[in-house]
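Structure data follow from upload_12.cif (mmCIF, C-alpha atoms):
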data_entry
#
loop_
_atom_site.label_atom_id
_atom_site.label_comp_id
_atom_site.auth_asym_id
_atom_site.auth_seq_id
_atom_site.Cartn_x
_atom_site.Cartn_y
_atom_site.Cartn_z
CA MET A 1 -39.58 -57.67 -101.41
CA ALA A 2 -41.88 -56.92 -98.50
CA THR A 3 -42.53 -59.18 -95.53
CA CYS A 4 -45.86 -59.13 -93.79
CA PHE A 5 -47.49 -60.94 -90.88
CA ALA A 6 -51.23 -61.28 -90.31
CA VAL A 7 -53.72 -63.39 -88.46
CA PRO A 8 -57.30 -64.37 -89.21
CA ILE A 9 -59.95 -62.40 -87.40
CA PRO A 10 -61.48 -63.12 -84.62
CA PHE A 11 -58.89 -60.83 -83.09
CA LYS A 12 -60.89 -57.94 -81.68
CA PRO A 13 -60.34 -54.62 -83.49
CA GLN A 14 -57.72 -52.54 -81.71
CA SER A 15 -57.57 -48.79 -81.61
CA PRO A 16 -54.25 -47.37 -82.79
CA ASN A 17 -53.38 -46.39 -79.20
CA SER A 18 -54.37 -49.64 -77.47
CA ASN A 19 -51.94 -51.97 -75.74
CA HIS A 20 -51.28 -54.44 -78.57
CA CYS A 21 -48.83 -56.51 -76.51
CA LYS A 22 -51.43 -57.32 -73.89
CA ALA A 23 -54.14 -57.96 -76.49
CA HIS A 24 -51.99 -60.29 -78.60
CA ARG A 25 -50.73 -62.27 -75.64
CA SER A 26 -54.27 -62.86 -74.43
CA GLN A 27 -55.43 -63.97 -77.87
CA THR A 28 -52.53 -66.29 -78.72
CA SER A 29 -54.40 -69.36 -77.47
CA ARG A 30 -56.98 -68.93 -80.23
CA ILE A 31 -54.44 -69.68 -82.96
CA ILE A 32 -52.60 -72.69 -81.55
CA CYS A 33 -51.55 -75.71 -83.61
CA SER A 34 -49.08 -77.50 -81.33
CA SER A 35 -46.73 -76.70 -78.50
CA ILE A 36 -43.85 -76.01 -80.91
CA THR A 37 -45.83 -73.67 -83.12
CA THR A 38 -47.46 -72.11 -80.07
CA GLU A 39 -44.08 -71.07 -78.72
CA ALA A 40 -42.97 -69.76 -82.13
CA LYS A 41 -46.20 -67.79 -82.49
CA ARG A 42 -45.95 -66.38 -79.00
CA ASP A 43 -42.34 -65.32 -79.61
CA LEU A 44 -43.28 -63.63 -82.87
CA LEU A 45 -46.31 -61.88 -81.37
CA ASN A 46 -44.13 -60.62 -78.52
CA LEU A 47 -41.59 -59.25 -81.01
CA ILE A 48 -44.15 -57.35 -83.09
CA CYS A 49 -46.72 -56.31 -80.49
CA ASP A 50 -45.15 -52.93 -79.72
CA GLN A 51 -43.92 -52.11 -83.23
CA ASP A 52 -46.96 -50.11 -84.41
CA ARG A 53 -47.50 -52.49 -87.35
CA GLY A 54 -43.92 -51.96 -88.50
CA LEU A 55 -43.59 -48.18 -88.23
CA LYS A 56 -41.17 -48.39 -85.30
CA THR A 57 -39.25 -51.25 -86.89
CA GLN A 58 -38.23 -49.05 -89.83
CA LYS A 59 -35.82 -47.25 -87.50
CA ASP A 60 -34.58 -50.36 -85.68
CA PRO A 61 -32.65 -52.72 -87.99
CA VAL A 62 -31.82 -55.11 -85.14
CA LYS A 63 -35.49 -55.55 -84.23
CA ARG A 64 -36.45 -55.85 -87.90
CA LYS A 65 -33.91 -58.61 -88.41
CA ALA A 66 -35.19 -60.49 -85.33
CA ILE A 67 -38.80 -60.25 -86.53
CA ILE A 68 -38.00 -61.41 -90.05
CA LYS A 69 -36.02 -64.31 -88.57
CA ALA A 70 -39.02 -65.27 -86.40
CA ILE A 71 -41.36 -65.08 -89.41
CA GLY A 72 -38.92 -67.28 -91.32
CA ALA A 73 -39.06 -69.82 -88.48
CA MET A 74 -42.86 -69.85 -88.77
CA ALA A 75 -42.50 -70.47 -92.51
CA VAL A 76 -40.27 -73.49 -91.83
CA LEU A 77 -42.82 -74.90 -89.37
CA GLY A 78 -45.53 -74.57 -92.03
CA SER A 79 -43.47 -75.70 -95.01
CA ASP A 80 -45.46 -78.92 -95.49
CA MET A 81 -48.87 -77.26 -95.21
CA ILE A 82 -51.24 -76.41 -98.01
CA THR A 83 -51.81 -72.73 -97.37
CA THR A 84 -53.71 -71.84 -100.53
CA GLY A 85 -56.80 -74.00 -99.94
CA ASP A 86 -60.21 -73.10 -98.56
CA SER A 87 -58.73 -72.09 -95.19
CA LEU A 88 -57.21 -69.10 -96.96
CA SER A 89 -60.74 -67.71 -97.45
CA ALA A 90 -61.11 -65.39 -94.48
CA THR A 91 -60.69 -61.84 -93.31
CA TRP A 92 -57.09 -61.36 -92.19
CA ARG A 93 -55.80 -58.55 -89.96
CA MET A 94 -52.29 -57.26 -90.65
CA LEU A 95 -50.18 -57.05 -87.51
CA TRP A 96 -46.78 -56.13 -88.96
CA THR A 97 -45.22 -55.38 -92.35
CA THR A 98 -42.14 -54.02 -94.10
CA GLU A 99 -44.20 -52.89 -97.11
CA LYS A 100 -43.27 -49.22 -97.56
CA GLU A 101 -46.44 -48.00 -99.27
CA GLN A 102 -48.59 -49.64 -96.59
CA LEU A 103 -46.57 -48.08 -93.79
CA PHE A 104 -46.67 -44.68 -95.51
CA ILE A 105 -50.49 -44.76 -95.61
CA ILE A 106 -50.70 -45.82 -91.95
CA GLU A 107 -48.24 -43.14 -90.87
CA LYS A 108 -49.81 -40.31 -92.90
CA ALA A 109 -53.45 -40.96 -91.96
CA TYR A 110 -53.35 -37.80 -89.84
CA LEU A 111 -53.44 -35.81 -93.10
CA PHE A 112 -57.09 -36.91 -93.35
CA GLY A 113 -57.78 -35.86 -89.76
CA THR A 114 -57.77 -39.43 -88.46
CA GLN A 115 -55.57 -42.40 -87.62
CA ALA A 116 -55.39 -45.66 -89.54
CA GLY A 117 -57.70 -48.28 -88.07
CA ASP A 118 -57.69 -51.93 -89.01
CA VAL A 119 -55.66 -53.03 -92.01
CA LEU A 120 -57.38 -56.05 -93.49
CA GLN A 121 -57.34 -58.44 -96.38
CA VAL A 122 -60.50 -60.26 -97.36
CA ILE A 123 -59.73 -63.37 -99.40
CA ASP A 124 -62.20 -65.62 -101.21
CA VAL A 125 -60.44 -68.55 -102.89
CA GLU A 126 -63.59 -69.81 -104.65
CA LYS A 127 -64.35 -66.39 -106.16
CA ARG A 128 -60.62 -65.78 -106.82
CA SER A 129 -60.74 -62.40 -105.12
CA LEU A 130 -58.55 -60.54 -102.67
CA ASN A 131 -59.50 -57.14 -101.24
CA ASN A 132 -57.05 -54.93 -99.34
CA VAL A 133 -58.78 -52.62 -96.88
CA ILE A 134 -57.27 -49.84 -94.77
CA THR A 135 -59.82 -48.23 -92.50
CA PHE A 136 -59.74 -44.61 -91.34
CA PRO A 137 -62.30 -44.32 -88.54
CA PRO A 138 -64.96 -43.26 -88.35
CA HIS A 139 -65.90 -43.12 -92.07
CA GLY A 140 -62.86 -43.47 -94.32
CA VAL A 141 -61.47 -46.44 -96.19
CA PHE A 142 -58.84 -47.21 -98.82
CA PHE A 143 -60.06 -50.22 -100.78
CA VAL A 144 -58.08 -52.16 -103.41
CA ARG A 145 -59.62 -55.06 -105.34
CA SER A 146 -57.47 -57.84 -106.80
CA ASP A 147 -57.92 -61.03 -108.77
CA ILE A 148 -55.98 -64.04 -107.50
CA GLU A 149 -54.74 -67.24 -109.03
CA ILE A 150 -53.68 -70.24 -106.96
CA PHE A 151 -50.28 -71.06 -108.40
CA SER A 152 -49.17 -73.85 -106.05
CA ARG A 153 -49.68 -75.31 -102.58
CA GLN A 154 -48.14 -72.21 -101.00
CA ARG A 155 -48.21 -69.50 -103.65
CA VAL A 156 -50.96 -67.12 -104.74
CA ASN A 157 -50.49 -64.75 -107.68
CA PHE A 158 -52.45 -61.51 -107.59
CA ARG A 159 -53.26 -58.60 -109.89
CA PHE A 160 -54.82 -55.34 -108.68
CA THR A 161 -57.98 -54.44 -110.63
CA SER A 162 -59.35 -51.29 -108.94
CA ALA A 163 -58.72 -48.91 -106.07
CA VAL A 164 -60.76 -46.23 -104.32
CA LEU A 165 -60.30 -43.84 -101.42
CA ARG A 166 -63.60 -43.06 -99.67
CA GLY A 167 -64.66 -40.61 -97.03
CA ARG A 168 -68.05 -39.94 -95.50
CA ASN A 169 -69.46 -38.01 -98.47
CA TRP A 170 -66.79 -38.37 -101.13
CA GLU A 171 -64.95 -40.95 -103.21
CA ILE A 172 -61.78 -40.76 -105.29
CA PRO A 173 -61.17 -43.61 -107.75
CA LEU A 174 -57.48 -44.41 -108.16
CA PRO A 175 -55.74 -46.36 -110.90
CA PRO A 176 -54.98 -49.94 -109.88
CA PHE A 177 -51.29 -50.69 -109.71
CA GLY A 178 -49.18 -53.75 -109.25
CA GLN A 179 -49.11 -57.45 -109.38
CA GLY A 180 -47.03 -60.10 -107.71
CA CYS A 181 -47.34 -63.16 -105.52
CA TYR A 182 -47.80 -64.19 -101.92
CA MET A 183 -45.88 -67.20 -100.72
CA ASN A 184 -46.42 -69.53 -97.80
CA GLY A 185 -49.97 -68.46 -97.10
CA PRO A 186 -52.33 -65.55 -96.76
CA PRO A 187 -50.89 -62.13 -97.34
CA PRO A 188 -52.06 -59.40 -96.34
CA LEU A 189 -50.32 -56.56 -97.98
CA GLY A 190 -46.85 -57.80 -98.66
CA LEU A 191 -45.23 -59.78 -101.42
CA ASP A 192 -44.08 -62.55 -99.13
CA PHE A 193 -46.07 -63.55 -96.09
CA TRP A 194 -45.80 -66.26 -93.47
CA PRO A 195 -49.07 -66.74 -91.59
CA LEU A 196 -50.22 -68.00 -88.26
CA MET A 197 -52.34 -70.79 -89.64
CA ASN A 198 -54.94 -72.65 -87.53
#
Spit out the file's structure as structure tokens when you get a sec.
Amino acid sequence: MATCFAVPIPFKPQSPNSNHCKAHRSQTSRIICSSITTEAKRDLLNLICDQDRGLKTQKDPVKRKAIIKAIGAMAVLGSDMITTGDSLSATWRMLWTTEKEQLFIIEKAYLFGTQAGDVLQVIDVEKRSLNNVITFPPHGVFFVRSDIEIFSRQRVNFRFTSAVLRGRNWEIPLPPFGQGCYMNGPPPLGLDFWPLMN
């Protein structure tokens, strides 16, 4: 099972080569609940900020274990929250994941003559939709549509319905694949996810 960590935008888009540590530390105050959760969020952001969204963590089992432990601590802090309500409807930016297919796409973006840009999930609870988006600046995008079902206070089931890879003047439809669930809040792009909730 994959673990993923994301935050709601308004984080400013970051180029793949920007200093994520500095950016995340300066933005932490925008996602504060209390002093306890603030410290846990800051610790987690500090752990993941230099991990290139999880690419570096694949080769560092000690760091991976520390990050997953910190995400688990965030899940405990949010265990009484309803994380599948209207606040789930947002655009979420993925900061870190263990999801192998996601990391493969990010790592191999150079094959398309670019680097992966933002990795997003756009969720609309009312419309029961979830869209995974991987951008490839300046004109490319991998877009996967999904239907969602709110299963419980902290679980969302999803089923992929379509996928497409687009460039500036071309488009390749791909067969949709997969279904599963997200637990403890908004995904993006992992089967289990513990969010930084406002």
Which residues come within 8 Å of Leu130 in chain A, counting only C-alpha atoms, excluding same-chain residues fewer than 2 positions away, as a ChimeraX atom specification?
/A:121-124,128,132,145-148,158
Would you give me, as CSV, each residue of range 74-131 of chain A having an atom within 12 Å of an atom of range 56-61 of chain A, along with its shortest atom pair and that distance in Å to one decimal, using all atoms listed in the file and sorting by chain and residue number?
residue,atom,partner,partner_atom,distance
A:Trp96,CA,A:Thr57,CA,9.2
A:Thr97,CA,A:Thr57,CA,9.1
A:Thr98,CA,A:Gln58,CA,7.6
A:Glu99,CA,A:Gln58,CA,10.2
A:Lys100,CA,A:Gln58,CA,9.2
A:Leu103,CA,A:Gln58,CA,9.3
A:Phe104,CA,A:Gln58,CA,11.1
A:Ile106,CA,A:Lys56,CA,11.9
A:Glu107,CA,A:Lys56,CA,10.4
Please dump the current selection as a PDB file, in the coordinates of the input; keep C-alpha atoms.
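Ended up saving to result_22.pdb:
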ATOM      1  CA  TRP A  96     -46.780 -56.130 -88.960  1.00  0.00           C
ATOM      2  CA  THR A  97     -45.220 -55.380 -92.350  1.00  0.00           C
ATOM      3  CA  THR A  98     -42.140 -54.020 -94.100  1.00  0.00           C
ATOM      4  CA  GLU A  99     -44.200 -52.890 -97.110  1.00  0.00           C
ATOM      5  CA  LYS A 100     -43.270 -49.220 -97.560  1.00  0.00           C
ATOM      6  CA  LEU A 103     -46.570 -48.080 -93.790  1.00  0.00           C
ATOM      7  CA  PHE A 104     -46.670 -44.680 -95.510  1.00  0.00           C
ATOM      8  CA  ILE A 106     -50.700 -45.820 -91.950  1.00  0.00           C
ATOM      9  CA  GLU A 107     -48.240 -43.140 -90.870  1.00  0.00           C
TER      10      GLU A 107
END
(-56.7, -64.3, -92.3) in this file's frame - what residues fall within 6 Å of it? Use only C-alpha atoms and give the answer as a PyMOL selection string.
chain A and resi 7-8+90-92
Extract, using only C-alpha atoms, all DNA, RNA and protein residues at most 10 Å from range 62-71 of chain A, discarding same-chain residues fewer than 2 positions from it, and format them as an NGL selection string.
:A and (3-5 or 40-41 or 43-48 or 51 or 54 or 56-60 or 73-77 or 96-98 or 193-196)
Report, in Å to a single decimal, how far apart CA of Ile150 in chain A and CA of Met81 in chain A are.
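Pair CA of Met81 in chain A / CA of Ile150 in chain A returns 14.5 Å.
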Could you tell me how far CA of Ile134 in chain A lies from CA of Phe151 in chain A, in Å and to one decimal?
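Straight-line distance from CA of Ile134 in chain A to CA of Phe151 in chain A works out to 26.2 Å.
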Is there a way to complete range 164-177 of chain A with N, CA, C and O atoms and then write that out as a CSV table (one decimal), in the frame of the given file?
chain,number,residue,atom,x,y,z
A,164,VAL,N,-60.0,-47.4,-104.6
A,164,VAL,CA,-60.8,-46.2,-104.3
A,164,VAL,C,-60.5,-45.8,-102.9
A,164,VAL,O,-60.2,-46.6,-102.0
A,165,LEU,N,-60.4,-44.5,-102.7
A,165,LEU,CA,-60.3,-43.8,-101.4
A,165,LEU,C,-61.6,-43.2,-101.1
A,165,LEU,O,-62.1,-42.3,-101.9
A,166,ARG,N,-62.3,-43.6,-100.0
A,166,ARG,CA,-63.6,-43.1,-99.7
A,166,ARG,C,-63.6,-42.4,-98.3
A,166,ARG,O,-63.0,-42.8,-97.4
A,167,GLY,N,-64.4,-41.3,-98.3
A,167,GLY,CA,-64.7,-40.6,-97.0
A,167,GLY,C,-66.2,-40.7,-96.8
A,167,GLY,O,-66.9,-41.4,-97.5
A,168,ARG,N,-66.6,-39.9,-95.8
A,168,ARG,CA,-68.0,-39.9,-95.5
A,168,ARG,C,-68.9,-39.6,-96.7
A,168,ARG,O,-69.9,-40.2,-97.0
A,169,ASN,N,-68.6,-38.5,-97.4
A,169,ASN,CA,-69.5,-38.0,-98.5
A,169,ASN,C,-68.7,-37.8,-99.8
A,169,ASN,O,-69.1,-37.0,-100.6
A,170,TRP,N,-67.6,-38.5,-99.9
A,170,TRP,CA,-66.8,-38.4,-101.1
A,170,TRP,C,-66.1,-39.7,-101.5
A,170,TRP,O,-66.0,-40.6,-100.7
A,171,GLU,N,-65.6,-39.8,-102.7
A,171,GLU,CA,-65.0,-41.0,-103.2
A,171,GLU,C,-64.0,-40.5,-104.3
A,171,GLU,O,-64.4,-39.8,-105.2
A,172,ILE,N,-62.8,-41.0,-104.3
A,172,ILE,CA,-61.8,-40.8,-105.3
A,172,ILE,C,-61.3,-42.1,-105.9
A,172,ILE,O,-60.6,-42.9,-105.2
A,173,PRO,N,-61.7,-42.4,-107.1
A,173,PRO,CA,-61.2,-43.6,-107.8
A,173,PRO,C,-59.7,-43.4,-108.1
A,173,PRO,O,-59.3,-42.3,-108.5
A,174,LEU,N,-58.9,-44.5,-107.9
A,174,LEU,CA,-57.5,-44.4,-108.2
A,174,LEU,C,-57.1,-45.5,-109.2
A,174,LEU,O,-57.8,-46.6,-109.2
A,175,PRO,N,-56.1,-45.3,-110.0
A,175,PRO,CA,-55.7,-46.4,-110.9
A,175,PRO,C,-55.2,-47.6,-110.1
A,175,PRO,O,-54.4,-47.4,-109.2
A,176,PRO,N,-55.6,-48.8,-110.5
A,176,PRO,CA,-55.0,-49.9,-109.9
A,176,PRO,C,-53.5,-50.1,-110.3
A,176,PRO,O,-53.1,-49.7,-111.4
A,177,PHE,N,-52.7,-50.6,-109.4
A,177,PHE,CA,-51.3,-50.7,-109.7
A,177,PHE,C,-50.8,-52.0,-109.1
A,177,PHE,O,-51.1,-52.3,-108.0
